[in-house]
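Chemist: Take this structure first; my questions come after.
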Amino acid sequence: MSKGIRIPLRYLLPLALLLAIILVLLLAPRRRQRERELEIERTAAVVEQVRSIGELSTAGFYEELVLTDRDESYLGELKRASGLSRLTGSGDFVIICKGRVRAGFDLTRIQGSDFSISGDTLRLILPPVEILDVVLNPADYELFSGHRTHEETTGILLQAKQRLQADAIREGILDQAELSAEAQLRRLLSAMGYREVLITFSKEYPLRPQGGN
């Protein structure tokens with residue numbers, strides 16, 4: 001009758017440790033791969049949730065403008081020089097406008113590379129802050145004096161929009177939009193389970209005035 005191989009007791013513990021080490025080494029790559037897959041899935045889910053917000057409006061600006069289009073014609077100059085403008089009007093076109101400007105972020109531009117997740121810490125790079133729209137509805141302006149054609153009036157209103165945007169930027173609407181967006185997104189992402197949320201902003205500021213931050 002054959003006898004089985006007997007391993008001395010003193011060798012059993014080292015052998016068991018060796019087998020355990022080999023098992024850990026074999027399973028470690030699979031574990032790291034699974035953790036990596038879970039991280040990719042988590043990142044993709046966060047990206048979709050943030051992108052689904054779409055347009056994030058975080059700052060507004062309101063202003064009332066008075067625009068004057070001076071009558072530079074010979075008749076207009078003659079009226080002013082002769083004093084007739086006090087009786088017949090100068091021919092200058094004056095319009096009063098009330099407009100609104102909104103600034104914020106287009107979150108649909110966010111990509112997976114803009115997110116970095118490590119444990120319960122999330123880092124996010126936002127796209128550049130931008131002017132979302134300048135609103136000047138027909139009900140927001142009135143003619144004060146003078147007369148211009150429809151095309152001329154449209155051109156003057158376009159100038160009003162450009163001035164509204166320039167004034168809003170000069171008054172710091174872009175900085176206000178960044179501060180508000182940071183607070184809103186930090187609350188949102190913290191509610192999703194991230195203890196630390198770090199937000200940075202893309203420093204592409206084509207609209208900022210010379211010398212702006």
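By order of appearance in the structure tokens: chains A, B, ..., then residues from 1 within every chain, and ligands from 1 in the order shown.
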So which residues touch range 95-107 of chain A within 7 Å, counting only C-alpha atoms, skipping near sequence neighbours fewer than 4 positions away, as a PDB file with N, CA and C atoms, in the first residue's frame?
Modeler:
```
ATOM      1  N   VAL A  50     -24.169  66.610 -14.795  1.00  0.00           N
ATOM      2  CA  VAL A  50     -23.817  68.034 -14.897  1.00  0.00           C
ATOM      3  C   VAL A  50     -24.176  68.572 -16.278  1.00  0.00           C
ATOM      4  N   ARG A  51     -23.892  67.801 -17.325  1.00  0.00           N
ATOM      5  CA  ARG A  51     -24.207  68.250 -18.678  1.00  0.00           C
ATOM      6  C   ARG A  51     -25.712  68.403 -18.893  1.00  0.00           C
ATOM      7  N   ILE A  53     -27.760  69.707 -17.066  1.00  0.00           N
ATOM      8  CA  ILE A  53     -28.211  71.040 -16.626  1.00  0.00           C
ATOM      9  C   ILE A  53     -28.298  71.973 -17.826  1.00  0.00           C
ATOM     10  N   GLY A  54     -27.382  71.771 -18.779  1.00  0.00           N
ATOM     11  CA  GLY A  54     -27.384  72.597 -19.994  1.00  0.00           C
ATOM     12  C   GLY A  54     -26.816  73.971 -19.731  1.00  0.00           C
ATOM     13  N   GLU A  55     -27.656  74.962 -19.851  1.00  0.00           N
ATOM     14  CA  GLU A  55     -27.233  76.352 -19.677  1.00  0.00           C
ATOM     15  C   GLU A  55     -27.385  76.734 -18.211  1.00  0.00           C
ATOM     16  N   LEU A  56     -26.275  77.144 -17.597  1.00  0.00           N
ATOM     17  CA  LEU A  56     -26.298  77.557 -16.191  1.00  0.00           C
ATOM     18  C   LEU A  56     -26.150  79.074 -16.125  1.00  0.00           C
ATOM     19  N   SER A  57     -27.269  79.752 -15.902  1.00  0.00           N
ATOM     20  CA  SER A  57     -27.271  81.213 -15.791  1.00  0.00           C
ATOM     21  C   SER A  57     -27.034  81.591 -14.335  1.00  0.00           C
ATOM     22  N   THR A  58     -25.952  82.326 -14.056  1.00  0.00           N
ATOM     23  CA  THR A  58     -25.574  82.576 -12.661  1.00  0.00           C
ATOM     24  C   THR A  58     -25.417  84.054 -12.314  1.00  0.00           C
ATOM     25  N   ALA A  59     -25.574  84.962 -13.279  1.00  0.00           N
ATOM     26  CA  ALA A  59     -25.466  86.391 -12.960  1.00  0.00           C
ATOM     27  C   ALA A  59     -26.290  87.192 -13.960  1.00  0.00           C
ATOM     28  N   GLY A  60     -26.845  88.308 -13.494  1.00  0.00           N
ATOM     29  CA  GLY A  60     -27.647  89.169 -14.360  1.00  0.00           C
ATOM     30  C   GLY A  60     -27.285  90.631 -14.182  1.00  0.00           C
ATOM     31  N   PHE A  61     -27.638  91.427 -15.182  1.00  0.00           N
ATOM     32  CA  PHE A  61     -27.338  92.859 -15.167  1.00  0.00           C
ATOM     33  C   PHE A  61     -28.492  93.586 -15.842  1.00  0.00           C
ATOM     34  N   TYR A  62     -28.916  94.683 -15.247  1.00  0.00           N
ATOM     35  CA  TYR A  62     -30.022  95.475 -15.799  1.00  0.00           C
ATOM     36  C   TYR A  62     -29.565  96.923 -15.929  1.00  0.00           C
ATOM     37  N   GLU A  63     -29.968  97.547 -17.049  1.00  0.00           N
ATOM     38  CA  GLU A  63     -29.560  98.939 -17.248  1.00  0.00           C
ATOM     39  C   GLU A  63     -30.582  99.663 -18.132  1.00  0.00           C
ATOM     40  N   GLU A  64     -30.756 100.936 -17.861  1.00  0.00           N
ATOM     41  CA  GLU A  64     -31.584 101.800 -18.702  1.00  0.00           C
ATOM     42  C   GLU A  64     -30.659 102.769 -19.431  1.00  0.00           C
ATOM     43  N   LEU A  65     -30.787 102.806 -20.736  1.00  0.00           N
ATOM     44  CA  LEU A  65     -29.915 103.619 -21.581  1.00  0.00           C
ATOM     45  C   LEU A  65     -30.711 104.707 -22.283  1.00  0.00           C
ATOM     46  N   VAL A  66     -30.053 105.838 -22.486  1.00  0.00           N
ATOM     47  CA  VAL A  66     -30.597 106.887 -23.343  1.00  0.00           C
ATOM     48  C   VAL A  66     -29.609 107.089 -24.482  1.00  0.00           C
ATOM     49  N   LEU A  67     -30.032 106.762 -25.707  1.00  0.00           N
ATOM     50  CA  LEU A  67     -29.160 106.875 -26.866  1.00  0.00           C
ATOM     51  C   LEU A  67     -29.637 108.008 -27.757  1.00  0.00           C
ATOM     52  N   THR A  68     -28.682 108.771 -28.234  1.00  0.00           N
ATOM     53  CA  THR A  68     -28.981 109.891 -29.127  1.00  0.00           C
ATOM     54  C   THR A  68     -28.249 109.712 -30.442  1.00  0.00           C
ATOM     55  N   PRO A 127     -15.994  75.216 -18.347  1.00  0.00           N
ATOM     56  CA  PRO A 127     -15.701  75.950 -19.591  1.00  0.00           C
ATOM     57  C   PRO A 127     -15.695  77.454 -19.312  1.00  0.00           C
ATOM     58  N   PRO A 128     -15.237  78.266 -20.256  1.00  0.00           N
ATOM     59  CA  PRO A 128     -15.173  79.712 -20.017  1.00  0.00           C
ATOM     60  C   PRO A 128     -16.541  80.309 -19.721  1.00  0.00           C
ATOM     61  N   VAL A 129     -16.575  81.237 -18.790  1.00  0.00           N
ATOM     62  CA  VAL A 129     -17.802  81.981 -18.532  1.00  0.00           C
ATOM     63  C   VAL A 129     -18.113  82.819 -19.770  1.00  0.00           C
ATOM     64  N   GLU A 130     -19.401  83.019 -20.051  1.00  0.00           N
ATOM     65  CA  GLU A 130     -19.769  83.753 -21.251  1.00  0.00           C
ATOM     66  C   GLU A 130     -21.060  84.540 -21.050  1.00  0.00           C
ATOM     67  N   ILE A 131     -21.286  85.496 -21.947  1.00  0.00           N
ATOM     68  CA  ILE A 131     -22.560  86.202 -21.980  1.00  0.00           C
ATOM     69  C   ILE A 131     -23.557  85.292 -22.680  1.00  0.00           C
ATOM     70  N   LEU A 132     -24.608  84.897 -21.971  1.00  0.00           N
ATOM     71  CA  LEU A 132     -25.592  83.981 -22.549  1.00  0.00           C
ATOM     72  C   LEU A 132     -26.546  84.704 -23.485  1.00  0.00           C
ATOM     73  N   ASP A 133     -26.992  85.893 -23.098  1.00  0.00           N
ATOM     74  CA  ASP A 133     -27.824  86.676 -24.003  1.00  0.00           C
ATOM     75  C   ASP A 133     -27.960  88.112 -23.497  1.00  0.00           C
ATOM     76  N   VAL A 134     -28.308  88.980 -24.438  1.00  0.00           N
ATOM     77  CA  VAL A 134     -28.628  90.378 -24.149  1.00  0.00           C
ATOM     78  C   VAL A 134     -30.050  90.590 -24.637  1.00  0.00           C
ATOM     79  N   VAL A 135     -30.959  90.889 -23.720  1.00  0.00           N
ATOM     80  CA  VAL A 135     -32.380  90.951 -24.040  1.00  0.00           C
ATOM     81  C   VAL A 135     -32.828  92.403 -24.119  1.00  0.00           C
ATOM     82  N   LEU A 136     -33.368  92.767 -25.273  1.00  0.00           N
ATOM     83  CA  LEU A 136     -33.926  94.106 -25.480  1.00  0.00           C
ATOM     84  C   LEU A 136     -35.190  93.938 -26.316  1.00  0.00           C
ATOM     85  N   ASP A 140     -39.258  97.063 -24.311  1.00  0.00           N
ATOM     86  CA  ASP A 140     -38.216  97.605 -23.435  1.00  0.00           C
ATOM     87  C   ASP A 140     -37.642  98.930 -23.933  1.00  0.00           C
ATOM     88  N   TYR A 141     -38.163  99.492 -25.008  1.00  0.00           N
ATOM     89  CA  TYR A 141     -37.638 100.776 -25.458  1.00  0.00           C
ATOM     90  C   TYR A 141     -38.773 101.663 -25.961  1.00  0.00           C
ATOM     91  N   GLU A 142     -38.527 102.953 -25.935  1.00  0.00           N
ATOM     92  CA  GLU A 142     -39.504 103.922 -26.412  1.00  0.00           C
ATOM     93  C   GLU A 142     -38.777 105.081 -27.080  1.00  0.00           C
ATOM     94  N   LEU A 143     -39.407 105.635 -28.098  1.00  0.00           N
ATOM     95  CA  LEU A 143     -38.843 106.770 -28.813  1.00  0.00           C
ATOM     96  C   LEU A 143     -39.154 108.043 -28.036  1.00  0.00           C
ATOM     97  N   PHE A 144     -38.143 108.861 -27.848  1.00  0.00           N
ATOM     98  CA  PHE A 144     -38.339 110.107 -27.112  1.00  0.00           C
ATOM     99  C   PHE A 144     -38.518 111.283 -28.070  1.00  0.00           C
ATOM    100  N   LEU A 164     -24.919  97.592 -23.753  1.00  0.00           N
ATOM    101  CA  LEU A 164     -25.371  96.861 -22.577  1.00  0.00           C
ATOM    102  C   LEU A 164     -24.376  95.766 -22.196  1.00  0.00           C
ATOM    103  N   GLN A 165     -23.932  95.019 -23.202  1.00  0.00           N
ATOM    104  CA  GLN A 165     -22.979  93.945 -22.933  1.00  0.00           C
ATOM    105  C   GLN A 165     -21.667  94.501 -22.401  1.00  0.00           C
ATOM    106  N   ALA A 168     -22.120  95.657 -18.831  1.00  0.00           N
ATOM    107  CA  ALA A 168     -22.249  94.526 -17.909  1.00  0.00           C
ATOM    108  C   ALA A 168     -20.887  93.914 -17.599  1.00  0.00           C
ATOM    109  N   ILE A 173     -19.854  91.404 -14.379  1.00  0.00           N
ATOM    110  CA  ILE A 173     -20.828  90.313 -14.462  1.00  0.00           C
ATOM    111  C   ILE A 173     -20.157  88.947 -14.621  1.00  0.00           C
ATOM    112  N   LEU A 174     -18.995  88.905 -15.276  1.00  0.00           N
ATOM    113  CA  LEU A 174     -18.314  87.624 -15.480  1.00  0.00           C
ATOM    114  C   LEU A 174     -17.776  87.076 -14.157  1.00  0.00           C
ATOM    115  N   ALA A 177     -20.679  85.807 -12.148  1.00  0.00           N
ATOM    116  CA  ALA A 177     -21.161  84.526 -12.664  1.00  0.00           C
ATOM    117  C   ALA A 177     -20.290  83.376 -12.171  1.00  0.00           C
TER     118      ALA A 177
END
```
Chemist: Choose the residue, out of A:Leu188, A:Ser118, A:Ala183, A:Asp175, that has the smallest atom-to-atom separation from Lys203 in chain A; count only C-alpha atoms.
Modeler: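 The closest residue to Lys203 in chain A is A:Asp175.
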Chemist: For Val197 in chain A, which of A:Leu185, A:Leu17, A:Val47, A:Ile156 is the closest residue, counting only C-alpha atoms?
Modeler: A:Leu185
Chemist: In Å to one decimal, how far is CA of Gln176 in chain A from CA of Phe115 in chain A?
Modeler: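 For CA of Phe115 in chain A relative to CA of Gln176 in chain A, the distance reads 23.0 Å.
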Chemist: Considering only C-alpha atoms, state which residue in the set A:Phe201, A:Arg186, A:Arg195, A:Val94 is at the smallest distance from Ala160 in chain A.
Modeler: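 Closest to Ala160 in chain A of all the choices is A:Val94.
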Chemist: Residues near Tyr194 in chain A, anyone? I mean within 7 Å using only C-alpha atoms, not counting same-chain ones fewer than 6 positions away, as a ChimeraX atom specification.
Modeler: /A:120-122
Chemist: Do you know which residues are at most 7 Å from Leu124 in chain A counting only C-alpha atoms, after dropping those on the same chain fewer than 2 positions away, and could you put them as a list in words?
Modeler: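 The residues that qualify are Asp114, Phe115, Ser116, Leu122, Leu126, Leu198, Ile199 and Thr200 of chain A.
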Chemist: Determine which residues of range 131-208 of chain A receive a DSSP assignment of alpha helix (DSSP H), computed from the backbone, and state them as a count of residues only.
Modeler: 40
Chemist: Just how far from CA of Ser52 in chain A is CA of Thr108 in chain A, in Å to one decimal?
Modeler: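 Taking CA of Thr108 in chain A as the start and CA of Ser52 in chain A as the end point, the length is 7.2 Å.
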Chemist: Report, in Å with one decimal, the straight-line distance from CA of Val46 in chain A to CA of Leu189 in chain A.
Modeler: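 Computing the Euclidean distance for CA of Val46 in chain A and CA of Leu189 in chain A yields 8.4 Å.
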